[in-house]
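Peer 1: One file is attached below, start-v9.txt, containing compact mmCIF, C-alpha atoms.
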```txt
# COMPACT_ATOMS: atom_id res chain seq x y z
CA MET A 417 42.13 -19.65 29.56
CA ARG A 418 38.96 -18.93 27.58
CA GLU A 419 40.28 -15.54 26.43
CA PRO A 420 40.74 -15.65 22.64
CA GLN A 421 43.98 -14.20 21.25
CA MET A 422 44.34 -12.86 17.73
CA CYS A 423 47.48 -12.23 15.72
CA ASN A 424 49.92 -12.20 18.61
CA ILE A 425 53.47 -11.57 17.43
CA MET A 426 55.92 -14.12 18.84
CA CYS A 427 59.12 -12.86 17.23
CA ARG A 428 60.76 -11.44 14.12
CA VAL A 429 63.93 -12.88 12.59
CA ILE A 430 66.11 -12.11 9.58
CA LEU A 431 67.46 -15.33 8.10
CA ASP A 432 71.10 -15.79 7.26
CA LYS A 433 72.36 -18.28 4.68
CA LYS A 434 73.14 -20.99 7.28
CA ILE A 435 69.75 -20.86 9.03
CA ALA A 436 67.86 -20.74 5.70
CA LYS A 437 69.74 -23.87 4.55
CA GLU A 438 68.92 -25.67 7.82
CA ILE A 439 65.20 -24.82 7.58
CA LYS A 440 65.13 -26.03 3.96
CA ARG A 441 66.72 -29.32 5.04
CA LYS A 442 64.06 -29.75 7.73
CA ILE A 443 61.32 -29.07 5.15
CA ASP A 444 62.88 -31.63 2.77
CA ASP A 445 62.94 -34.18 5.62
CA ASP A 446 59.28 -33.50 6.57
CA TYR A 447 60.14 -32.33 10.10
CA ARG A 448 57.14 -31.83 12.35
CA VAL A 449 56.79 -29.46 15.30
CA ASN A 450 55.27 -31.13 18.36
CA MET A 451 53.78 -29.35 21.35
CA ILE A 452 51.96 -30.41 24.49
CA LEU A 453 49.25 -28.49 26.37
CA ASP A 454 47.95 -29.85 29.66
CA ASN A 455 49.54 -33.22 28.81
CA LEU A 456 47.71 -33.40 25.45
CA PRO A 457 49.59 -33.54 22.13
CA LEU A 458 49.09 -30.92 19.44
CA VAL A 459 47.22 -32.32 16.43
CA VAL A 460 46.41 -31.10 12.93
CA PRO A 461 42.87 -32.05 11.86
CA VAL A 462 42.70 -33.39 8.29
CA ARG A 463 39.28 -33.91 6.71
CA ARG A 464 38.69 -37.46 5.49
CA MET A 465 37.84 -37.65 1.79
CA ASP A 466 35.45 -40.59 2.22
CA GLN A 467 33.49 -39.05 5.13
CA GLU A 468 32.88 -35.31 4.95
CA SER A 469 32.09 -34.84 8.65
CA SER A 470 35.00 -36.97 9.90
CA PHE A 471 38.63 -36.01 10.56
CA LEU A 472 41.96 -37.77 10.86
CA TYR A 473 44.50 -36.25 13.24
CA GLN A 474 48.21 -35.88 12.56
CA HIS A 475 50.58 -35.32 15.48
CA GLY A 476 52.36 -31.98 15.19
CA TYR A 477 52.54 -29.71 12.15
CA LEU A 478 55.06 -29.56 9.30
CA VAL A 479 57.84 -26.94 9.62
CA GLY A 480 57.03 -25.87 6.08
CA LEU A 481 56.46 -26.99 2.52
CA LYS A 482 57.81 -26.74 -1.00
CA GLY A 483 55.81 -25.23 -3.82
CA ILE A 484 55.87 -23.37 -7.11
CA TYR A 485 54.37 -19.93 -7.78
CA ALA A 486 51.85 -19.83 -10.63
CA GLY A 487 53.69 -19.16 -13.88
CA SER A 488 57.09 -20.17 -12.46
CA LYS A 489 59.16 -23.33 -12.80
CA ASP A 490 61.35 -22.73 -9.74
CA GLU A 491 60.51 -24.70 -6.61
CA LYS A 492 60.52 -22.54 -3.46
CA TYR A 493 60.54 -23.31 0.25
CA PHE A 494 57.89 -21.82 2.55
CA ILE A 495 57.81 -21.83 6.36
CA ASN A 496 54.67 -22.17 8.50
CA ASN A 497 54.99 -18.97 10.54
CA HIS A 498 51.37 -18.37 11.63
CA LEU A 499 49.62 -20.87 13.89
CA ALA A 500 45.87 -20.85 14.55
CA PHE A 501 45.36 -22.86 17.74
CA THR A 502 42.04 -24.26 18.92
CA VAL A 503 41.85 -25.32 22.56
CA LYS A 504 38.86 -27.59 23.18
CA TYR A 505 37.51 -27.86 26.71
CA HIS A 506 34.71 -29.23 28.87
CA LYS A 507 33.11 -26.66 31.14
CA ASP A 508 32.00 -27.59 34.66
CA LEU A 509 28.65 -25.83 35.02
CA GLN A 510 28.70 -25.91 38.83
CA THR A 511 32.16 -24.42 39.38
CA ASP A 512 32.69 -22.55 36.07
CA SER A 513 36.07 -24.28 35.79
CA ALA A 514 37.26 -25.93 32.59
CA ARG A 515 39.19 -29.06 31.64
CA ILE A 516 41.18 -29.08 28.38
CA VAL A 517 40.27 -32.06 26.20
CA GLY A 518 41.82 -31.15 22.82
CA PHE A 519 44.65 -29.09 21.30
CA GLU A 520 44.52 -28.44 17.53
CA VAL A 521 46.42 -26.21 15.13
CA LYS A 522 46.05 -24.99 11.56
CA PRO A 523 49.47 -23.85 10.30
CA PHE A 524 49.82 -21.15 7.63
CA SER A 525 52.69 -19.64 5.69
CA VAL A 526 52.18 -15.87 5.53
CA LYS A 527 54.45 -13.11 4.31
CA HIS A 528 53.48 -10.60 6.98
CA GLU A 529 53.55 -6.93 6.08
CA TYR A 530 53.59 -3.71 8.06
CA GLU A 531 53.99 0.00 7.43
CA GLY A 532 57.10 1.96 8.37
CA THR A 533 60.06 0.56 10.27
CA TRP A 534 59.86 -2.32 12.73
CA ASN A 535 59.59 -1.56 16.45
CA ASP A 536 57.89 -3.10 19.50
CA LYS A 537 54.60 -1.29 18.69
CA THR A 538 54.43 -2.30 15.01
CA ARG A 539 51.00 -3.41 13.82
CA LEU A 540 50.83 -5.89 10.97
CA THR A 541 48.67 -5.16 7.93
CA THR A 542 48.35 -8.88 7.12
CA CYS A 543 46.62 -9.70 10.42
CA ASP A 544 45.39 -7.16 12.93
CA PRO A 545 43.17 -7.78 15.97
CA HIS A 546 42.12 -4.11 16.01
CA ALA A 547 40.79 -4.34 12.44
CA LYS A 548 39.42 -7.89 12.98
CA ARG A 549 41.69 -9.09 10.13
CA THR A 550 42.68 -12.72 10.59
CA VAL A 551 44.87 -15.14 8.68
CA THR A 552 42.67 -17.70 6.89
CA ASN A 553 44.90 -18.88 4.04
CA SER A 554 48.43 -18.91 2.65
CA GLU A 555 47.81 -16.84 -0.49
CA SER A 556 51.01 -14.86 0.03
CA PRO A 557 53.37 -17.41 1.63
CA GLN A 558 56.62 -16.71 3.49
CA GLU A 559 59.69 -17.82 1.52
CA VAL A 560 62.77 -19.26 3.20
CA GLU A 561 65.83 -17.50 1.75
CA ASP A 562 68.94 -15.69 2.93
CA LYS A 563 68.18 -12.18 4.29
CA LYS A 564 64.38 -12.79 4.34
CA GLU A 565 62.47 -11.33 7.26
CA ILE A 566 60.09 -13.76 8.99
CA ILE A 567 57.49 -12.70 11.55
CA PHE A 568 56.02 -15.52 13.64
CA THR A 569 52.44 -15.05 14.87
CA TYR A 570 49.60 -17.04 16.41
CA ASP A 571 45.88 -17.02 17.24
CA VAL A 572 44.15 -18.94 20.02
CA GLU A 573 40.44 -19.73 20.09
CA PHE A 574 38.58 -21.75 22.70
CA GLU A 575 35.82 -24.20 21.85
CA THR A 576 33.42 -25.78 24.33
CA VAL A 577 32.96 -29.50 23.77
CA THR A 578 29.93 -31.23 25.22
```
Would you put the structure from the file into C-alpha cells?
Peer 2:
Amino acid sequence: MREPQMCNIMCRVILDKKIAKEIKRKIDDDYRVNMILDNLPLVVPVRRMDQESSFLYQHGYLVGLKGIYAGSKDEKYFINNHLAFTVKYHKDLQTDSARIVGFEVKPFSVKHEYEGTWNDKTRLTTCDPHAKRTVTNSESPQEVEDKKEIIFTYDVEFETVT
C-alpha cells in the first residue's frame, strides 16, 4: 500500500489458434474484465464531453478492441495487455493508516518489446521502471493472432483524496 509499482510483468503467453479465436469472440461481444479491491469495484474513468472537469465511470474494462491500421483496410483485433491502476485513498493523519476509497484503471494495448531471448530477468524496452519509461498510449497495439506473443503488464499509483 502506498508504494507505486511501474511496469510489473504479470505473464507472457504465446497464443494458439483456439485461444486467439476465443479472445476475438470476447472482443466482438464487448466482454469486460471486472475486479474488486477492498470491496470496491474497478472503474474506468471517461471524461464527459459536456463538462470538461467531470467524469463518468464504467464498471470494468474492455478485454480489447477492433481497429484498422492507417493505410490498411483490414480490421484487426487488439488486446488490452497493460493496465495502469490508480488506487485512491483517505489518509488518517493521526495513525498514518489509509482507507481505500477508489479503484480506477486505464487499459492500454501495447506490443511490448525486449532485447535478446526471453527469461525471468528480461527487461522490456517499451516500459521500464529503471529508465522511467511508462506506457501512456496505445501507439503500437498488441494484435490478437495465432502464434503472437503477448506480455501482460501493470502499473499502480496511489492518490490521496481529501
Peer 1: So which one's closest to Cys427 in chain A, A:His498, A:His506, A:His475, A:Lys492? Using only C-alpha atoms, please.
Peer 2: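 Going through A:His498, A:His506, A:His475, A:Lys492 one by one, the smallest distance to Cys427 in chain A is for A:His498.
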Peer 1: Neighbours of Gly476 in chain A within 8 Å (only C-alpha atoms; same-chain residues fewer than 3 positions away dropped), as a PDB file with C-alpha atoms, in the coordinates of the input?
Peer 2:
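See selection.pdb below for the written result:
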```pdb
ATOM      1  CA  ARG A 448      57.140 -31.830  12.350  1.00  0.00           C
ATOM      2  CA  VAL A 449      56.790 -29.460  15.300  1.00  0.00           C
ATOM      3  CA  ASN A 450      55.270 -31.130  18.360  1.00  0.00           C
ATOM      4  CA  MET A 451      53.780 -29.350  21.350  1.00  0.00           C
ATOM      5  CA  PRO A 457      49.590 -33.540  22.130  1.00  0.00           C
ATOM      6  CA  LEU A 458      49.090 -30.920  19.440  1.00  0.00           C
ATOM      7  CA  VAL A 459      47.220 -32.320  16.430  1.00  0.00           C
ATOM      8  CA  VAL A 460      46.410 -31.100  12.930  1.00  0.00           C
TER       9      VAL A 460
END
```
Peer 1: Using all atoms listed in the file, which protein or nucleic acid residues come within 8 Å of Glu531 in chain A? Drop anything in the same chain fewer than 3 positions from it, and give the result as a list of chain:residue names.
Peer 2: A:Thr538, A:Arg539, A:Leu540, A:Thr541
Peer 1: Choose the residue, out of A:Val503, A:Ile425, A:Ile430, A:Ile439, that has the smallest atom-to-atom separation from Lys537 in chain A; count all atoms listed in the file.
Peer 2: A:Ile425
Peer 1: Which one is closest to Asp446 in chain A: A:Val560, A:Leu499, A:Val479, A:Val521? Count all atoms listed in the file.
Peer 2: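 Of all the options, A:Val479 lies closest to Asp446 in chain A.
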Peer 1: Give as a PyMOL selection string each residue that has an atom at most 7 Å from (39.7, -31.1, 23.7) in the file, counting only C-alpha atoms.
Peer 2: chain A and resi 503-505+516-519+577
Peer 1: Nearest to Lys440 in chain A among A:Arg464, A:Arg549, A:Lys489, A:Lys482, with distances taken over all atoms listed in the file: which residue is it?
Peer 2: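 Nearest to Lys440 in chain A: A:Lys482.
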Peer 1: List as a ChimeraX atom specification the residues having at least one atom at most 12 Å from position (63.5, -28.5, 9.8) as given in the file, counting only C-alpha atoms.
Peer 2: /A:435-449,477-481,493-496,560
Peer 1: What does the structure give for the distance between CA of Pro557 in chain A and CA of Ser525 in chain A, in Å to one decimal?
Peer 2: 4.7 Å
Peer 1: Would you compute the box with edges along x, y and z of the file around range 484-494 of chain A, including every atom the file lists for it and 8 Å extra on each side, and give its centre and edge lengths in Å to one decimal, as lines of an AutoDock Vina configuration file?
Peer 2:
```
center_x = 56.6
center_y = -21.9
center_z = -5.7
size_x = 25.5
size_y = 21.5
size_z = 32.4
```
Peer 1: So what do you get for CA of Lys563 in chain A versus CA of Ile484 in chain A, distance-wise?
Peer 2: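 Going from CA of Lys563 in chain A over to CA of Ile484 in chain A, I get 20.2 Å.
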Peer 1: Select, from A:Glu529, A:Glu419, A:Asp432, A:Asp512, the residue with the minimum atom-to-atom distance to Asp562 in chain A, counting all atoms listed in the file.
Peer 2: A:Asp432
Peer 1: One decimal, Å: what's the distance from CA of Val572 in chain A over to CA of Thr550 in chain A, could you say?
Peer 2: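 Pair CA of Val572 in chain A / CA of Thr550 in chain A returns 11.4 Å.
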Peer 1: Between A:Asn424, A:Leu472, A:Thr576, A:Lys433, which one has atoms that come closest to Ser513 in chain A, using only C-alpha atoms?
Peer 2: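 Of A:Asn424, A:Leu472, A:Thr576, A:Lys433, the one nearest Ser513 in chain A is A:Thr576, counting only C-alpha atoms.
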Peer 1: Hey, what's within 10 Å of Arg428 in chain A if we count all atoms listed in the file and toss same-chain stuff fewer than 2 positions away? As a list in words, please?
Peer 2: Ile425, Met426, Ile430, Leu431, Trp534, Glu565, Ile566, Ile567, Phe568 and Thr569 of chain A
Peer 1: Using C-alpha atoms, can you write the selected residues to a file as a CSV table (one decimal), in the coordinates of the input?
Peer 2:
```
chain,number,residue,atom,x,y,z
A,425,ILE,CA,53.5,-11.6,17.4
A,426,MET,CA,55.9,-14.1,18.8
A,430,ILE,CA,66.1,-12.1,9.6
A,431,LEU,CA,67.5,-15.3,8.1
A,534,TRP,CA,59.9,-2.3,12.7
A,565,GLU,CA,62.5,-11.3,7.3
A,566,ILE,CA,60.1,-13.8,9.0
A,567,ILE,CA,57.5,-12.7,11.6
A,568,PHE,CA,56.0,-15.5,13.6
A,569,THR,CA,52.4,-15.0,14.9
```
Peer 1: Quick one: residues within 6 Å of Ala500 in chain A, all atoms listed in the file counted, chain neighbours fewer than 2 positions away excluded, as a list in words?
Peer 2: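 Contacts, with the query itself left out: Val521, Lys522, Tyr570 and Asp571 of chain A.
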Peer 1: Would you save the residues of that selection, restricted to C-alpha atoms, as a compact mmCIF listing (two decimals), in the frame of the given file?
Peer 2:
```
# COMPACT_ATOMS: atom_id res chain seq x y z
CA VAL A 521 46.42 -26.21 15.13
CA LYS A 522 46.05 -24.99 11.56
CA TYR A 570 49.60 -17.04 16.41
CA ASP A 571 45.88 -17.02 17.24
```
